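Following: one structure in C-alpha cells, then a few remarks.
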Amino acid sequence: MKNTIKQLRHSSQFMVGFVILVAILLLIIIYPIFVTADPLEMVGRGTFFKPGTYVSVVDAVTDGASTQKSYTLNLDTSASRLNARLSMEDREAMVDWLVRFGGVAEGGISTSDDDVPALLELWSEKYDSTNPQKGLIAAKKKYYVRLDKSLKELNNSTDMILAAQGEDGLEQTGTIADDSYVNVKDIANQRTFILGTDNFGRDVLTELVAATKTSIIIGLIAGVVATAIGLFLGLFAGFIGGVVDDFIMFVTNLFTVIPSFVILILISYSVGASARGVTMVAVIIGLTSWPWTTRSVRSQVISLRNRDHVNMSKLSGHSVIRIILVDILPYVASYVVMAFILQISSGILAEAQLSMLGLGPATTTTATLGLMMNWAMTYTAHLNGSWWAYFPVILTIALISFSLNLMNTGLDQVFNPTLRD
Amino acid sequence: MKGYKKYYSRKILWYLLTLIIAVILNFTLPRLMPGNPVANIAAQTAQGMTDATAIQKVYAQYAEAFGVDKPLYQQFFIWLKNLLHGDLGVSFSQYPRPVSEIIASGVWWTVCLQLPAIIVGWFLGNLLGAVAAYIRKGFDKVILPAFLFASNIPAFGMATILLTVFAIQLKWAPTSGGYGFDLIPNFSAAFILSVLDHYKLPFLSIVLVTIGGQAVGMRSMAIYELNADYVKYSRFLGIKDKKIVGYVFRNAMLPQITGLAMSIGTMVGGALVAEIIFSYPGIGSTLLSAITGRDYPLISACTLIITIMVLLANLFVEMIYGLIDPRIKAAQME
C-alpha cells in the first residue's frame with residue numbers, strides 16, 4: 001500500500017489529475033463559506049447579464065454630486081465616451097453618407113475605434129442637412145439630422161445638471177462636472193457577477209459551484225450503485241461458474257450491446273417527472289452502467305479462481321464468502337477502484353446528456369451541470385452570444401472528467417507495469 | 001468462407017435474441033409512466049365542446065385509436081403485429097402524422113451524419129494514437145494530454161463550442177438545421193450544396209470527440225504491443241522497423257475493434273445530443289421533441305430505431321472482426 005502511494009506520487013499523470021480534482025473539490029467546499037447567498041436566487045431582472053461589476057446608478061450619481069466623494073481626474077473623457085456611445089451602425093451610416101454625399105473616397109475612412117476622432121472631424125466639416133441627398137428616403141434624412149444633433153451634444157460635453165421634483169416643477173439640486181469621477185469602493189450598492197447571470201437572472205458562478213457539487217454527488221451515487229452491482233455479479237459469475245456464469249454473462253452481454261443511453265431514456269421517462277429527483281436520476285444512471293465492471297471483474301476472477309492460494313483455501317474448508325473476501329477481492333480491488341473512477345465521470349456525463357433531452361432531475365431547488373446546460377440551450381444562450389451561461393459548464397464537465405481519467409491512467413500505469421513510460 | 005457459417009449464424013442468432021429483448025423493453029418501459037397521455041390530446045380536441053356525451057365519445061375514440069384501453073400484453077401483440085407491418089402508430093404530439101413517417105424523415109439524416117463521422121474519427125484516432133506510441137518523445141508529450149482533454153469534452157460541449165466559434169463568430173457555417181430554410185428537399189445542386197454546408201460542423205464535432213478517445217486507447221495498446229516479446233525477437237532477427245510496426249499495428253487494432261463494438265452505443269448517444277445543439281433534423285432532435293411533447297409512441301420508436309442502428313453496427317463490426325482476427329479464422333478452418 002505504502003509503495004503504491006509512493007509510485008502514484010511519482011506518476012505525473014495521476015498527480016495532475018489529482019490536483020485538478022482537489023482544486024475543484026476545494027472550490028466547492030470553500031466558495032459557499034464566503035458566498036452564503038442562495039445559488040438559485042434570481043438576482044437579475046432579465047436574462048443573461050454580462051459578467052462584470054454592477055453599481056447602483058443612484059449611488060454613483062449622488063456620490064458624484066457630493067463634494068467629498070467625487071474626484072477630479074485630468075483625463076480625456078470624450079474619446080472613450082464617444083467610442084462607447086457611437087454604435088457601429090451609426091459609424092457605418094456616417095461613412096456611408098460621407099462617401100455618397102461628402103465627396104470622401106471609398107475606403108478613405110474606417111469605422112474602427114482609432115478613427116473615431118477623424119471620422120467626427122470629417123463629419124462636422126462635411127455634413128450639411130441642406131444637401132439635396134439624392135436617393136435618400138425622408139426617414140433616413142431625418143435619421144442623419146438626429147445623429148448630427150446627438151453628435152454635437154456628445155462633443156461639447158458640459159456639466160450634467162441634477163434636478164428634483166419640487167413644488168413648482170423641477171428644481172436644480174446639483175451639478176456633476178464632466179471630469180468628475182467616483183471611486184467604485186465608495187459606492188454602497190454594488191454586486192460583482194464574475195460569470196454574469198443566466199436566463200433566470202441567477203449568479204452563474206454561485207450556481208455553477210452548487211451545480212458542480214450536485215453533479216459530483218450524482219456521479220458518486222451512480223458510481224457506487226454501478227460498481228456494487230458490477231462487483232457482485234462479476235464475483236458471483238466468475239467464482240461460481242457454470243449455469244450461473246452463463247446466465248449472468250448472457251444478461252451482461254445483452255446490456256452491453258443494447259445502448260445504455262436508450263435504457264436510460266426509457267427508464268427516466270417511465271419514472272415520471274414527479275419522482276425524478278437528483279437521487280433517483282443518479283440511481284437510474286447507476287442501474288444502467290454496471291455491465292463494464294461485471295465483465296472486467298469476472299475475467300479477473302476467472303484467472304484467479306484456480307490459483308494455488310485459492311485452492312489451498314478451498315481445501316482448508318473456508319466458506320465461499322470468506323474465499324471471495326480474503327483470497328479474491330484484494331486482487332481485483334485495483335480494477336474495481338479504476339472502474340469506479342470511470343463510472344463517476346461517465347455518470348456526470350450521463351446526467352448532463354439526460355438533462356439536455358429534458359429528462360434530467362425535475363427539480364427547481366437544486367441545479368446540476370446538465371440542467372444549467374439545458375436552461376442555457378433552451379434560452380438560446382449559444383445563439384445570442386451569452387458564452388458565460390454555457391462555456392463554464394462545459395469546461396467544468398470536461399475538467400472533472402479529464403482529472404478523473406488522468407488519475408485512472410496513472411493508476412493503470414502503476415498497476416500494469418508494462419504500460420509505464 | 002465456408003467455415004464461417006457456424007460463427008456467423010451464431011452471431012446473427014445472438015443479435016436476433018438481443019433485438020427481441022430490446023423490443024420488449026422498448027414497449028414496456030414507457031408504458032409504465034403514471035398518468036394518461038391520451039387524455040391530454042383528447043382534451044385538446046374536446047376543447048370548446050359543451051355536450052358531455054360528445055366529449056366522452058372523443059375520449060373513447062382516441063383510447064381505441066391508440067389502443068390504451070386493452071390490457072398491456074394485448075397491446076404488446078397488437079403493437080408487435082403493427083411493427084412488423086411498419087406501422088408504429090400515430091404520433092401524439094404531431095397528430096395525425098404516423099410515427100413511421102416522422103422516423104423515416106429523420107433516420108437518414110442521423111445515419112448519414114453519424115456513420116461517416118464515427119468511421120473517420122475512429123480511423124484518424126487510431127492512426128494518431130499509433131504514431132504517438134511509435135514516436136513517443138515530444139510529439140507524444142503534446143499529443144497525449146491534448147487528446148485526453150479533447151476526449152473528455154462531452155460531444156454536446158464540442159458541438160456548442162464549434163457552433164459558437166465557427167457559425168456565430170466567424171460565420172463560416174450556418175447555425176442550425178440540415179439545409180437552408182428556404183429550400184425544399186430535392187436533388188438540385190443548390191439543395192445538395194446547402195446540405196453539405198450544414199453538414200460540416202456537426203460532422204466535425206463528432207469526429208473530434210471520437211478522435212480523442214480512440215487515440216488515447218490506441219496509444220496505450222500500441223505501447224503494450226511494442227514492449228511484447230515478439231517485437232524484441234523481431235528486432236534481434238534484424239527485421240526492419242517498418243515491418244514490425246505493421247505487425248504491431250495489426251495486433252493493437254484488434255482490441256480497438258472490440259472496443260468500437262462495445263462503445264458504439266455510448267458514441268451514438270453522445271452524438272444524438274450533439275445533433276440537438278445544431279437542430280439537425282435527425283433522430284436526436286425528434287427524440288427531444290417527442291420527450292417535450294410527452295409523445296410515447298414517438299419516444300418508443302426513436303429508442304427502437306437507435307437500438308436497431310446500434311445493433312446493426314455492432315453486428316457488422318463483429319463480422320469484420322471475425323474476418324480480421326487470425327485466431328477466429330484459424331478456429332473456423334479446423
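Convention: chains lettered A, B, ... in C-alpha cells order; per-chain residue numbering from 1; ligands numbered from 1 as shown.
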
- Item | Neighbour list for range 121-138 of chain B as a PyMOL selection string, cut-off 8 Å, only C-alpha atoms, skip fewer than 4 positions in-chain | chain B and resi 117+142-144+206-220+222-223+249+253

Output N, CA and C atoms for every residue in the selection just made, as an mmCIF file, in the first residue's frame.
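Contents of the output file result.cif:
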```
data_model
loop_
_atom_site.group_PDB
_atom_site.id
_atom_site.type_symbol
_atom_site.label_atom_id
_atom_site.label_comp_id
_atom_site.auth_asym_id
_atom_site.auth_seq_id
_atom_site.Cartn_x
_atom_site.Cartn_y
_atom_site.Cartn_z
ATOM 1 N N ALA B 117 -18.984 10.027 -39.725
ATOM 2 C CA ALA B 117 -18.228 10.766 -38.709
ATOM 3 C C ALA B 117 -17.521 9.810 -37.759
ATOM 4 N N VAL B 142 2.900 16.236 -26.229
ATOM 5 C CA VAL B 142 1.922 17.264 -26.554
ATOM 6 C C VAL B 142 0.598 16.611 -26.933
ATOM 7 N N ILE B 143 0.701 15.590 -27.781
ATOM 8 C CA ILE B 143 -0.498 14.971 -28.354
ATOM 9 C C ILE B 143 -1.338 14.297 -27.277
ATOM 10 N N LEU B 144 -0.694 13.568 -26.394
ATOM 11 C CA LEU B 144 -1.471 12.772 -25.438
ATOM 12 C C LEU B 144 -2.363 13.623 -24.536
ATOM 13 N N ILE B 206 -18.428 15.558 -34.095
ATOM 14 C CA ILE B 206 -18.406 14.130 -33.753
ATOM 15 C C ILE B 206 -17.021 13.551 -34.017
ATOM 16 N N VAL B 207 -16.415 13.938 -35.152
ATOM 17 C CA VAL B 207 -15.083 13.415 -35.494
ATOM 18 C C VAL B 207 -14.078 13.768 -34.401
ATOM 19 N N LEU B 208 -14.081 15.037 -33.976
ATOM 20 C CA LEU B 208 -13.087 15.482 -32.987
ATOM 21 C C LEU B 208 -13.208 14.705 -31.689
ATOM 22 N N VAL B 209 -14.453 14.523 -31.214
ATOM 23 C CA VAL B 209 -14.644 13.803 -29.960
ATOM 24 C C VAL B 209 -14.189 12.349 -30.108
ATOM 25 N N THR B 210 -14.524 11.730 -31.254
ATOM 26 C CA THR B 210 -14.148 10.331 -31.465
ATOM 27 C C THR B 210 -12.630 10.180 -31.546
ATOM 28 N N ILE B 211 -11.975 11.084 -32.267
ATOM 29 C CA ILE B 211 -10.516 11.000 -32.409
ATOM 30 C C ILE B 211 -9.847 10.935 -31.046
ATOM 31 N N GLY B 212 -10.242 11.847 -30.146
ATOM 32 C CA GLY B 212 -9.606 11.909 -28.832
ATOM 33 C C GLY B 212 -9.624 10.571 -28.117
ATOM 34 N N GLY B 213 -10.830 10.013 -27.974
ATOM 35 C CA GLY B 213 -10.967 8.764 -27.233
ATOM 36 C C GLY B 213 -10.204 7.622 -27.878
ATOM 37 N N GLN B 214 -10.295 7.517 -29.198
ATOM 38 C CA GLN B 214 -9.643 6.409 -29.886
ATOM 39 C C GLN B 214 -8.125 6.517 -29.820
ATOM 40 N N ALA B 215 -7.614 7.742 -29.977
ATOM 41 C CA ALA B 215 -6.158 7.914 -29.986
ATOM 42 C C ALA B 215 -5.560 7.496 -28.654
ATOM 43 N N VAL B 216 -6.233 7.876 -27.559
ATOM 44 C CA VAL B 216 -5.706 7.524 -26.244
ATOM 45 C C VAL B 216 -5.666 6.005 -26.078
ATOM 46 N N GLY B 217 -6.775 5.338 -26.473
ATOM 47 C CA GLY B 217 -6.819 3.883 -26.344
ATOM 48 C C GLY B 217 -5.788 3.197 -27.217
ATOM 49 N N MET B 218 -5.664 3.667 -28.455
ATOM 50 C CA MET B 218 -4.738 3.041 -29.400
ATOM 51 C C MET B 218 -3.302 3.217 -28.936
ATOM 52 N N ARG B 219 -3.005 4.383 -28.379
ATOM 53 C CA ARG B 219 -1.644 4.646 -27.937
ATOM 54 C C ARG B 219 -1.224 3.625 -26.875
ATOM 55 N N SER B 220 -2.077 3.419 -25.869
ATOM 56 C CA SER B 220 -1.643 2.503 -24.806
ATOM 57 C C SER B 220 -1.592 1.062 -25.317
ATOM 58 N N ALA B 222 -0.800 0.183 -28.398
ATOM 59 C CA ALA B 222 0.393 0.056 -29.229
ATOM 60 C C ALA B 222 1.656 0.007 -28.375
ATOM 61 N N ILE B 223 1.667 0.787 -27.278
ATOM 62 C CA ILE B 223 2.840 0.746 -26.392
ATOM 63 C C ILE B 223 2.962 -0.647 -25.788
ATOM 64 N N PHE B 249 0.789 -2.737 -35.368
ATOM 65 C CA PHE B 249 -0.447 -2.027 -35.673
ATOM 66 C C PHE B 249 -1.601 -3.021 -35.797
ATOM 67 N N MET B 253 -4.740 -3.201 -33.283
ATOM 68 C CA MET B 253 -6.045 -2.883 -33.869
ATOM 69 C C MET B 253 -7.148 -3.768 -33.302
#
```

- Could you pull out the residues in range 46-249 of chain A that DSSP calls helix (DSSP H, G or I) from the backbone, as a ChimeraX atom specification? /A:57-65,78-85,88-101,113-126,138-155,184-186,204-240,242-249

- Could you list, as a PyMOL selection string, every residue of chain A that has an atom within 7 Å of an atom of chain B, counting only C-alpha atoms? chain A and resi 254+256-259+261-262+266-267+269-272+353+357-358+382+394+398+401-402+418-419

Those same residues, written as a PDB file, in the first residue's frame with C-alpha atoms?
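Output contents, as saved in part-v8.pdb:
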```pdb
ATOM      1  CA  LEU A 254     -27.284  -8.128 -23.604  1.00  0.00           C
ATOM      2  CA  THR A 256     -23.506  -4.099 -23.278  1.00  0.00           C
ATOM      3  CA  VAL A 257     -24.992  -4.320 -26.747  1.00  0.00           C
ATOM      4  CA  ILE A 258     -28.318  -2.586 -26.099  1.00  0.00           C
ATOM      5  CA  PRO A 259     -27.200   1.034 -25.725  1.00  0.00           C
ATOM      6  CA  PHE A 261     -28.388   5.551 -23.306  1.00  0.00           C
ATOM      7  CA  VAL A 262     -31.645   4.086 -24.647  1.00  0.00           C
ATOM      8  CA  LEU A 266     -36.823   4.753 -21.287  1.00  0.00           C
ATOM      9  CA  ILE A 267     -36.490   4.336 -17.515  1.00  0.00           C
ATOM     10  CA  TYR A 269     -39.304   8.703 -18.907  1.00  0.00           C
ATOM     11  CA  SER A 270     -41.255   5.882 -17.275  1.00  0.00           C
ATOM     12  CA  VAL A 271     -40.426   7.057 -13.775  1.00  0.00           C
ATOM     13  CA  GLY A 272     -42.249  10.300 -14.494  1.00  0.00           C
ATOM     14  CA  GLN A 353     -26.967  14.301 -21.610  1.00  0.00           C
ATOM     15  CA  LEU A 357     -33.016  15.886 -23.520  1.00  0.00           C
ATOM     16  CA  GLY A 358     -35.294  17.194 -20.788  1.00  0.00           C
ATOM     17  CA  HIS A 382     -25.356  29.820 -27.682  1.00  0.00           C
ATOM     18  CA  ILE A 394     -18.807  22.611 -20.470  1.00  0.00           C
ATOM     19  CA  ALA A 398     -14.551  18.435 -19.177  1.00  0.00           C
ATOM     20  CA  SER A 401     -13.851  14.066 -16.396  1.00  0.00           C
ATOM     21  CA  PHE A 402     -10.300  14.922 -17.522  1.00  0.00           C
ATOM     22  CA  THR A 418       4.040  -2.796 -18.999  1.00  0.00           C
ATOM     23  CA  LEU A 419       2.219   0.469 -19.705  1.00  0.00           C
TER      24      LEU A 419
END
```

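Between Ala275 in chain A and the candidates A:Leu359, A:Val99, A:Met15, A:Ala23, the tightest atom-to-atom separation, counting only C-alpha atoms, involves A:Leu359.
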
- Task: Kindly give the distance, in Å, that separates CA of Leu26 in chain A and CA of Pro39 in chain A, rounded to a single decimal.
- Result: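 According to the coordinates, CA of Leu26 in chain A and CA of Pro39 in chain A are separated by 17.3 Å.
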
- Quick one: everything within 9 Å of Arg91 in chain A, counting only C-alpha atoms, minus sequence neighbours fewer than 6 positions away in the same chain. Send it as a ChimeraX atom specification. /A:110-112,116,119

- Message: Using Å and a single decimal, report how far CA of Val182 in chain A sits from CA of Asn74 in chain A.
- Response: 13.5 Å

- To one decimal in Å, tell me the separation between CA of Ser346 in chain A and CA of Trp292 in chain A. 11.8 Å

- List the neighbours of Val283 in chain A out to 6 Å using only C-alpha atoms; skip same-chain residues closer than 3 positions along the sequence, and give me the result as a PyMOL selection string. chain A and resi 222+280+286

File of the preceding selection, C-alpha atoms, as a PDB file, in the first residue's frame:
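This is the output file again00.pdb:
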```
ATOM      1  CA  ALA A 222     -24.182   6.344  -9.824  1.00  0.00           C
ATOM      2  CA  MET A 280     -33.426   8.958  -8.446  1.00  0.00           C
ATOM      3  CA  GLY A 286     -26.027   3.544 -11.840  1.00  0.00           C
TER       4      GLY A 286
END
```

- as a PyMOL selection string, which residues of range 38-228 of chain A does DSSP assign to strand (DSSP E or B)? chain A and resi 42+52-55+70-72+160-166+169-176+180-182+190-193+197+202-203

- Item | Near-Asp325 in chain B list (9 Å; only C-alpha atoms; drop same-chain fewer than 5 positions) as a list in words |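 Non-adjacent residues within range: Asn251, Leu254, Ile320 and Ala330 of chain B.
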